[in-house]
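Data block for my_file-v5.cif (mmCIF, C-alpha atoms and all ligand atoms):
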```
data_model
#
loop_
_atom_site.label_atom_id
_atom_site.label_comp_id
_atom_site.auth_asym_id
_atom_site.auth_seq_id
_atom_site.Cartn_x
_atom_site.Cartn_y
_atom_site.Cartn_z
CA MET A 2 131.80 99.38 105.09
CA LYS A 3 130.88 98.76 108.72
CA SER A 4 127.26 98.33 109.73
CA ARG A 5 125.31 98.86 112.91
CA ILE A 6 123.00 96.38 114.63
CA ILE A 7 120.06 98.78 114.54
CA TYR A 8 118.82 99.85 111.10
CA GLY A 9 115.92 101.41 109.30
CA PRO A 10 113.21 102.39 109.65
CA ILE A 11 111.82 99.96 107.11
CA LEU A 12 108.43 100.58 105.57
CA SER A 13 106.29 97.54 104.89
CA ARG A 14 102.66 96.78 104.30
CA ARG A 15 102.67 94.29 107.14
CA LEU A 16 104.26 96.26 109.95
CA GLY A 17 104.10 99.87 108.82
CA ARG A 18 107.26 101.68 109.94
CA SER A 19 109.61 99.52 111.95
CA LEU A 20 113.11 99.80 113.31
CA GLY A 21 115.13 96.64 112.67
CA ILE A 22 117.56 94.82 114.95
CA ASP A 23 120.20 92.28 113.92
CA VAL A 24 121.30 89.97 116.73
CA ILE A 25 124.22 88.21 115.04
CA ARG A 26 126.96 90.25 113.36
CA LYS A 27 130.15 88.79 111.93
CA PRO A 28 132.54 91.01 109.99
CA GLY A 29 132.36 90.27 106.29
CA VAL A 30 129.42 87.85 106.63
CA LYS A 31 126.25 89.07 104.95
CA LYS A 32 123.85 86.43 106.27
CA ASN A 33 123.74 84.38 109.48
CA CYS A 34 120.99 81.84 109.05
CA ASN A 35 120.22 78.17 109.47
CA PHE A 36 118.15 78.17 106.25
CA ASP A 37 119.19 78.94 102.68
CA CYS A 38 115.81 79.73 101.15
CA VAL A 39 115.53 79.75 97.37
CA TYR A 40 113.65 83.06 97.63
CA CYS A 41 116.07 84.76 100.06
CA GLN A 42 116.64 88.41 99.20
CA LEU A 43 120.10 88.27 100.80
CA GLY A 44 121.41 85.73 98.30
CA HIS A 45 123.17 82.49 99.25
CA VAL A 46 124.51 81.72 102.71
CA GLY A 47 128.11 80.46 102.69
CA THR A 48 127.66 78.10 105.62
CA LYS A 49 124.35 77.44 107.27
CA ILE A 50 124.52 77.88 111.02
CA SER A 51 123.99 74.68 112.93
CA TYR A 52 122.22 75.14 116.22
CA LYS A 53 124.45 72.63 117.95
CA GLY A 54 127.78 74.41 117.61
CA GLU A 55 129.04 77.60 119.21
CA ILE A 56 127.52 80.59 117.38
CA GLU A 57 129.98 83.37 116.65
CA GLY A 58 129.11 87.04 116.57
CA LEU A 59 126.19 86.99 119.02
CA VAL A 60 125.10 90.52 119.88
CA THR A 61 124.53 91.06 123.61
CA PRO A 62 121.30 92.36 125.22
CA GLY A 63 123.26 95.39 126.46
CA GLU A 64 124.34 96.31 122.91
CA VAL A 65 120.78 96.04 121.62
CA VAL A 66 119.29 98.18 124.39
CA GLU A 67 121.99 100.81 123.98
CA GLY A 68 121.52 100.80 120.20
CA ILE A 69 117.76 101.27 120.51
CA ARG A 70 118.18 103.98 123.13
CA SER A 71 120.35 106.09 120.85
CA TYR A 72 118.52 105.38 117.58
CA HIS A 73 114.79 105.34 118.04
CA ARG A 74 114.34 108.78 119.52
CA ASN A 75 115.20 110.11 116.04
CA ILE A 76 112.01 108.64 114.64
CA GLU A 77 108.67 110.18 115.42
CA ASP A 78 106.15 107.64 114.22
CA LEU A 79 107.35 104.11 114.72
CA ASP A 80 104.90 101.20 114.57
CA TYR A 81 107.20 98.38 115.67
CA ILE A 82 110.66 97.49 116.84
CA THR A 83 111.43 94.33 114.88
CA PHE A 84 114.02 91.59 115.24
CA SER A 85 114.94 90.39 111.75
CA GLY A 86 117.78 91.63 109.53
CA THR A 87 120.53 89.42 108.18
CA CYS A 88 120.10 86.61 110.69
CA GLU A 89 117.56 84.26 112.23
CA PRO A 90 116.84 86.05 115.55
CA THR A 91 116.02 82.92 117.55
CA LEU A 92 119.62 81.72 117.09
CA ASN A 93 120.59 84.26 119.75
CA PRO A 94 119.71 82.85 123.22
CA GLY A 95 119.66 86.41 124.64
CA LEU A 96 116.57 87.35 122.59
CA GLY A 97 114.15 87.30 125.56
CA GLU A 98 116.46 89.44 127.68
CA MET A 99 116.82 91.91 124.79
CA ILE A 100 113.04 92.28 124.52
CA ARG A 101 112.69 92.80 128.28
CA GLY A 102 115.46 95.41 128.14
CA ILE A 103 113.81 97.32 125.29
CA ARG A 104 110.50 97.38 127.16
CA LYS A 105 112.17 99.34 129.96
CA ILE A 106 113.08 102.19 127.60
CA SER A 107 110.41 102.07 124.89
CA GLU A 108 106.68 101.67 124.63
CA HIS A 109 106.70 100.54 121.02
CA PRO A 110 105.34 97.07 120.30
CA ILE A 111 108.01 94.47 119.62
CA CYS A 112 107.88 91.95 116.79
CA VAL A 113 110.11 88.98 115.96
CA LEU A 114 110.27 87.69 112.39
CA THR A 115 111.38 84.06 112.52
CA ASN A 116 111.88 81.28 110.00
CA SER A 117 110.27 78.95 112.61
CA SER A 118 113.28 76.60 112.57
CA LEU A 119 113.83 76.49 116.33
CA VAL A 120 110.33 76.76 117.78
CA SER A 121 110.49 73.13 118.90
CA PHE A 122 112.89 74.25 121.67
CA GLU A 123 111.19 75.39 124.85
CA HIS A 124 113.75 78.11 125.64
CA VAL A 125 113.21 79.59 122.16
CA ARG A 126 109.44 79.65 122.72
CA LEU A 127 109.98 81.33 126.09
CA ASN A 128 112.10 84.00 124.40
CA LEU A 129 109.44 84.52 121.72
CA ALA A 130 106.77 84.79 124.41
CA GLU A 131 108.29 88.13 125.46
CA ALA A 132 107.36 89.73 122.11
CA ASP A 133 104.01 91.32 121.23
CA LEU A 134 103.94 89.74 117.80
CA VAL A 135 105.78 86.79 116.28
CA VAL A 136 105.56 86.32 112.52
CA ALA A 137 106.66 82.76 111.72
CA THR A 138 107.28 81.46 108.21
CA LEU A 139 105.64 78.28 106.94
CA VAL A 140 105.98 77.50 103.24
CA SER A 141 104.48 74.03 102.99
CA GLY A 142 102.76 71.21 104.81
CA TYR A 143 104.92 68.69 102.96
CA GLU A 144 108.40 67.86 104.20
CA GLU A 145 109.80 67.53 100.71
CA THR A 146 108.56 70.95 99.56
CA PHE A 147 109.70 72.55 102.83
CA GLU A 148 113.21 71.16 102.33
CA SER A 149 113.37 72.20 98.68
CA ILE A 150 112.27 75.77 99.38
CA ASN A 151 113.80 76.55 102.79
CA ARG A 152 116.88 74.28 102.46
CA PRO A 153 117.35 74.01 106.24
CA ALA A 154 120.52 73.04 108.12
CA ALA A 155 120.76 69.37 109.06
CA GLY A 156 118.44 68.24 111.84
CA ILE A 157 115.60 70.73 111.22
CA GLY A 158 112.36 69.01 110.23
CA LEU A 159 108.89 70.24 109.33
CA GLU A 160 107.04 68.12 111.88
CA SER A 161 108.94 69.58 114.84
CA ILE A 162 108.33 73.09 113.47
CA ILE A 163 104.57 72.48 113.23
CA ASN A 164 104.54 71.04 116.76
CA GLY A 165 106.53 74.01 118.06
CA LEU A 166 104.09 76.48 116.49
CA LYS A 167 101.18 74.60 118.06
CA ALA A 168 102.99 74.74 121.42
CA ILE A 169 103.32 78.56 121.16
CA MET A 170 99.53 78.81 120.84
CA CYS A 171 99.15 76.75 124.04
CA MET A 172 101.47 78.89 126.21
CA GLU A 173 99.95 80.68 129.16
CA LYS A 174 101.82 83.88 128.33
CA ARG A 175 102.28 84.06 124.59
CA PRO A 176 102.75 86.57 121.77
CA ARG A 177 100.23 87.11 119.04
CA LEU A 178 101.22 84.57 116.39
CA GLY A 179 101.07 85.24 112.67
CA ILE A 180 101.95 82.56 110.14
CA GLU A 181 103.63 84.00 107.07
CA VAL A 182 102.91 81.91 103.99
CA MET A 183 105.51 82.83 101.36
CA LEU A 184 104.23 81.54 98.02
CA LEU A 185 106.29 81.05 94.90
CA ASP A 186 106.27 79.65 91.40
CA SER A 187 109.27 78.33 89.53
CA SER A 188 110.40 78.62 85.91
CA THR A 189 111.58 74.99 86.13
CA GLY A 190 108.32 73.73 87.62
CA TYR A 191 109.88 72.87 91.00
CA PRO A 192 109.81 73.76 93.84
CA VAL A 193 106.37 75.38 93.79
CA ASN A 194 104.01 75.81 96.74
CA SER A 195 101.07 77.59 95.10
CA THR A 196 99.35 74.56 93.55
CA ASP A 197 95.90 73.42 94.72
CA ARG A 198 97.49 70.37 96.35
CA GLU A 199 99.98 72.49 98.31
CA ILE A 200 97.35 75.03 99.39
CA ALA A 201 94.97 72.31 100.59
CA ARG A 202 97.74 70.78 102.73
CA LEU A 203 98.83 74.18 104.09
CA ILE A 204 95.28 74.97 105.14
CA GLU A 205 95.00 71.56 106.83
CA VAL A 206 98.24 72.10 108.76
CA ILE A 207 97.56 75.73 109.72
CA LYS A 208 94.16 74.68 111.08
CA THR A 209 95.96 72.45 113.57
CA ILE A 210 98.17 75.38 114.65
CA ASP A 211 95.22 77.78 114.88
CA PRO A 212 97.28 81.04 114.75
CA ASP A 213 95.94 84.54 115.38
CA GLU A 214 96.60 85.64 111.84
CA ILE A 215 97.83 84.36 108.48
CA GLU A 216 99.75 86.50 106.02
CA ILE A 217 99.84 85.49 102.40
CA LEU A 218 102.51 87.00 100.20
CA THR A 219 104.85 86.26 97.34
CA VAL A 220 108.39 87.05 96.34
CA SER A 221 108.90 90.72 95.53
CA ARG A 222 112.66 91.31 95.82
CA PRO A 223 115.34 89.61 93.68
CA PRO A 224 115.57 86.01 94.98
CA ALA A 225 118.66 83.88 95.64
CA GLU A 226 117.73 81.54 92.78
CA ASP A 227 116.93 82.76 89.26
CA PHE A 228 114.25 80.11 88.78
CA VAL A 229 112.07 81.57 91.54
CA LEU A 230 109.04 83.48 90.24
CA PRO A 231 106.41 85.50 92.07
CA VAL A 232 102.86 84.13 92.09
CA PRO A 233 100.64 86.39 89.94
CA ASP A 234 98.25 88.68 91.82
CA VAL A 235 95.20 86.97 90.38
CA ARG A 236 96.29 83.59 91.77
CA LEU A 237 97.30 85.14 95.12
CA LYS A 238 93.83 86.62 95.47
CA GLU A 239 92.27 83.26 94.64
CA ILE A 240 94.40 81.58 97.32
CA ALA A 241 93.59 84.32 99.83
CA ARG A 242 89.88 83.69 99.20
CA ARG A 243 90.37 80.01 100.03
CA PHE A 244 92.08 80.96 103.29
CA ASP A 245 89.30 83.48 104.00
CA GLU A 246 86.71 80.73 103.66
CA GLU A 247 88.57 78.50 106.10
CA PHE A 248 89.81 81.01 108.68
CA GLY A 249 87.58 84.07 108.28
CA ARG A 250 88.50 87.40 106.71
CA ASP A 251 89.65 88.96 109.98
CA ARG A 252 92.48 86.49 110.34
CA VAL A 253 93.79 86.47 106.77
CA LYS A 254 95.92 89.25 105.30
CA LEU A 255 96.93 89.32 101.69
CA VAL A 256 100.17 91.28 101.43
CA LEU A 257 100.50 92.79 97.98
CA GLN A 258 103.40 95.01 97.01
CA GLY A 259 103.51 98.64 98.02
CA LEU A 260 104.13 100.85 100.98
CA LYS A 261 101.68 101.47 103.76
CA LYS A 262 102.72 104.95 104.82
CA LYS A 263 104.10 108.15 103.49
CA SER A 264 107.75 109.09 103.84
CA SER A 265 109.60 109.10 107.14
CA SER A 266 110.48 112.34 108.85
CA MET A 267 113.35 110.86 110.87
CA LYS A 268 116.38 112.88 111.87
CA HIS A 269 119.69 111.54 110.63
CA ASP A 270 123.00 111.09 112.44
CA ASN A 271 124.92 109.66 109.50
CA VAL A 272 122.74 109.34 106.45
CA GLU A 273 125.28 107.44 104.36
CA GLU A 274 125.63 104.72 107.00
CA GLU A 275 121.86 104.57 107.37
CA VAL A 276 121.40 104.01 103.63
CA TYR A 277 124.03 101.26 103.64
CA ASP A 278 122.55 99.64 106.79
CA LEU A 279 119.15 99.49 105.12
CA ILE A 280 120.41 98.02 101.84
CA LEU A 281 122.52 95.46 103.73
CA ARG A 282 119.40 94.02 105.40
CA ARG A 283 117.03 94.36 102.49
CA PRO A 284 117.66 95.11 98.81
CA CYS A 285 115.70 98.25 97.96
CA THR A 286 114.80 100.35 94.95
CA PHE A 287 115.80 104.01 94.89
CA SER A 288 112.32 105.14 95.84
CA GLN A 289 112.03 102.57 98.65
CA ILE A 290 115.23 103.91 100.25
CA GLY A 291 114.00 107.48 99.97
CA ALA A 292 110.58 106.66 101.44
CA SER A 293 111.92 104.53 104.30
CA LEU A 294 114.55 106.99 105.46
CA GLY A 295 112.82 110.20 104.41
CA ILE A 296 115.60 111.34 102.05
CA ARG A 297 115.03 113.51 99.00
CA ASP A 298 116.27 112.29 95.59
CA GLU A 299 118.90 115.04 95.39
CA GLU A 300 120.36 113.94 98.70
CA LEU A 301 120.16 110.23 97.98
CA ASN A 302 121.70 110.34 94.48
CA PRO A 303 125.28 111.20 95.53
CA ILE A 304 125.15 108.68 98.40
CA ILE A 305 124.16 105.88 96.05
CA GLU A 306 126.86 106.94 93.60
CA LYS A 307 129.47 106.88 96.37
CA LEU A 308 128.40 103.44 97.62
CA MET A 309 128.50 102.11 94.05
CA PHE A 310 131.91 103.66 93.40
CA SER A 311 133.36 102.10 96.59
CA ASN A 312 131.93 98.70 95.56
CA SER A 313 129.80 98.56 98.71
CA ILE A 314 126.60 97.97 96.74
CA VAL A 315 125.56 96.73 93.30
CA THR A 316 122.41 96.99 91.23
CA ILE A 317 120.32 93.96 90.39
CA GLY A 318 117.34 93.83 88.11
CA SER A 319 114.10 92.04 88.83
CA LYS A 320 110.57 92.01 87.44
CA SER A 321 109.57 94.56 90.07
CA GLY A 322 112.36 97.03 89.32
CA ARG A 323 116.03 97.86 89.81
CA TYR A 324 117.31 97.08 93.31
CA TYR A 325 120.47 97.96 95.21
CA ARG A 326 122.07 95.11 97.14
CA ALA A 327 125.11 95.15 99.47
CA ILE A 328 128.14 93.09 98.44
S1 LIG B 1 114.79 84.17 103.71
FE1 LIG B 1 115.17 84.44 105.88
S2 LIG B 1 115.13 82.36 106.68
FE2 LIG B 1 115.41 82.18 104.49
S3 LIG B 1 117.65 82.08 104.19
FE3 LIG B 1 117.02 84.23 103.97
S4 LIG B 1 117.35 85.09 106.02
FE4 LIG B 1 117.29 82.85 106.26
#
```

Take the structure from the file and write it as structure tokens.
Amino acid sequence: MKSRIIYGPILSRRLGRSLGIDVIRKPGVKKNCNFDCVYCQLGHVGTKISYKGEIEGLVTPGEVVEGIRSYHRNIEDLDYITFSGTCEPTLNPGLGEMIRGIRKISEHPICVLTNSSLVSFEHVRLNLAEADLVVATLVSGYEETFESINRPAAGIGLESIINGLKAIMCMEKRPRLGIEVMLLDSSTGYPVNSTDREIARLIEVIKTIDPDEIEILTVSRPPAEDFVLPVPDVRLKEIARRFDEEFGRDRVKLVLQGLKKKSSSMKHDNVEEEVYDLILRRPCTFSQIGASLGIRDEELNPIIEKLMFSNSIVTIGSKSGRYYRAI
């Protein structure tokens, strides 16, 4: 089934209601990333994208602006327009131009979710500087743990990422920077980044970056690797308290599961495509799909049945429920 580059809205505790944008689309490829994180909700990546080669399937700034123009007027209460989806947005060199183009037609704040891999490049930082908010992932202050969890493409190292994040904070014109700390446990004992040793090192490193905010969360959707486990709430709260003590409560957000807002009241052009577009970017439970897109159960049921029957989606179980994932 074909998908569009604009999808959603997605409801999340962090950003409220946001419209998503994918900036790399290749037919038949479900993920375009230079990482292969053990916790990735999109499953495994066939080939990790290397930054050095030619990147296929780059979406153009014109396509993004046109997509936003025709899509977002259907949604009344949008909190953000967000670059994320099935790819790492900073892999597209046109990101800055896309953001400038969207600003001409929309007043909504713009956010980029990045895995931080390319922030050591000045042109990437300049592109990110166009956004209102950049949420950058950092899973560890240790190279070995970073490599075991994020499994980056060759040539991407933790030290250059940390230096790049520090450089963003020193830019004259810069976005608000949030560091997303994705914590996980493991049924095999490794890799794990929620131990006291890991947390102490993360705090030390994040102090040197000095970001505007820090978001602490754990795995909630079915991960790429079966051994990945979410960190229990009680431990997450304990860790959040440690961050609070170091950075102050105003800067630290503990993201627990759940939705921030009530259902969407968006108008639909093609509800079946919208359901598929959402599931393609983010495995969802039945109720998450309904709440994000504002669809009643009676309307959603036959759509899910049709997508299952055509082998466009499958169900996967996880501790937090039954999810639908695109295949
Ligand atoms: S979690 Fe994000 S950064 Fe990691 S592999 Fe998946 S898409 Fe890439």

Practice task
Check every protein, DNA and RNA residue against ligand LIG 1 (chain B), keep those with an atom at most 9 Å away (counting all atoms listed in the file), and present them as a ChimeraX atom specification.
Solution key: /A:32-46,49,85-89,114-118,138,150-153,224-225

Practice task
Name all residues at most 7 Å from Val315 of chain A (count all atoms listed in the file; drop same-chain ones fewer than 6 positions away) and give them as a PyMOL selection string.
Solution key: chain A and resi 309+325-328

Practice task
Would you list the residues near (123.6, 97.1, 127.3), meaning any protein, DNA or RNA residue with an atom at most 12 Å from that point in file coordinates, counting only C-alpha atoms, as a PyMOL selection string?
Solution key: chain A and resi 60-71+95+98-103+105-106

Practice task
Rank nothing, just name the residue among A:Ala154, A:Leu12, A:Leu294, A:Ile314 nearest to Gly47 of chain A, using all atoms listed in the file.
Solution key: A:Ala154

Handout entry: Among listed residues A:Glu216, A:Glu226, A:Asp211, A:Glu274, nearest Pro192 of chain A (using all atoms listed in the file)
Key =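 With all atoms listed in the file as the atom set, the closest residue is A:Glu226.
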
Handout entry: Asn164 of chain A surroundings by only C-alpha atoms, 10 Å radius, close-in-sequence under 3 positions cut, as a list in words
Key =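 So, after excluding close chain neighbours, the residues are Val120, Ser121, Leu159, Glu160, Ser161, Lys167, Ala168, Ile169, Thr209 and Ile210 of chain A.
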
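In this model, the gap between atom CA of Glu55 of chain A and atom CA of Asn93 of chain A comes to 10.8 Å.
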
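Atom CA of Gly318 of chain A lies 10.9 Å from atom CA of Cys285 of chain A.
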
Practice task
Take atom CA of Arg236 of chain A and atom CA of Arg14 of chain A and report the distance between them in Å, one decimal.
Solution key: 19.3 Å

Exercise for the section: Tell me which protein, DNA and RNA residues are within 7 Å of Thr219 of chain A, counting all atoms listed in the file, leaving out same-chain ones fewer than 6 positions away, and put them as number ranges by chain. Expected result: A: 183-185, 231-232

Prev. selection, C-alpha atoms, output as a PDB file, in the coordinates of the input:
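Ended up saving to again11.pdb:
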```pdb
ATOM      1  CA  MET A 183     105.510  82.830 101.360  1.00  0.00           C
ATOM      2  CA  LEU A 184     104.230  81.540  98.020  1.00  0.00           C
ATOM      3  CA  LEU A 185     106.290  81.050  94.900  1.00  0.00           C
ATOM      4  CA  PRO A 231     106.410  85.500  92.070  1.00  0.00           C
ATOM      5  CA  VAL A 232     102.860  84.130  92.090  1.00  0.00           C
TER       6      VAL A 232
END
```

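In this comparison, which uses all atoms listed in the file, the residue of A:Gly165, A:Pro110, A:Gly9, A:Pro303 approaching Ile22 of chain A most closely is A:Gly9.
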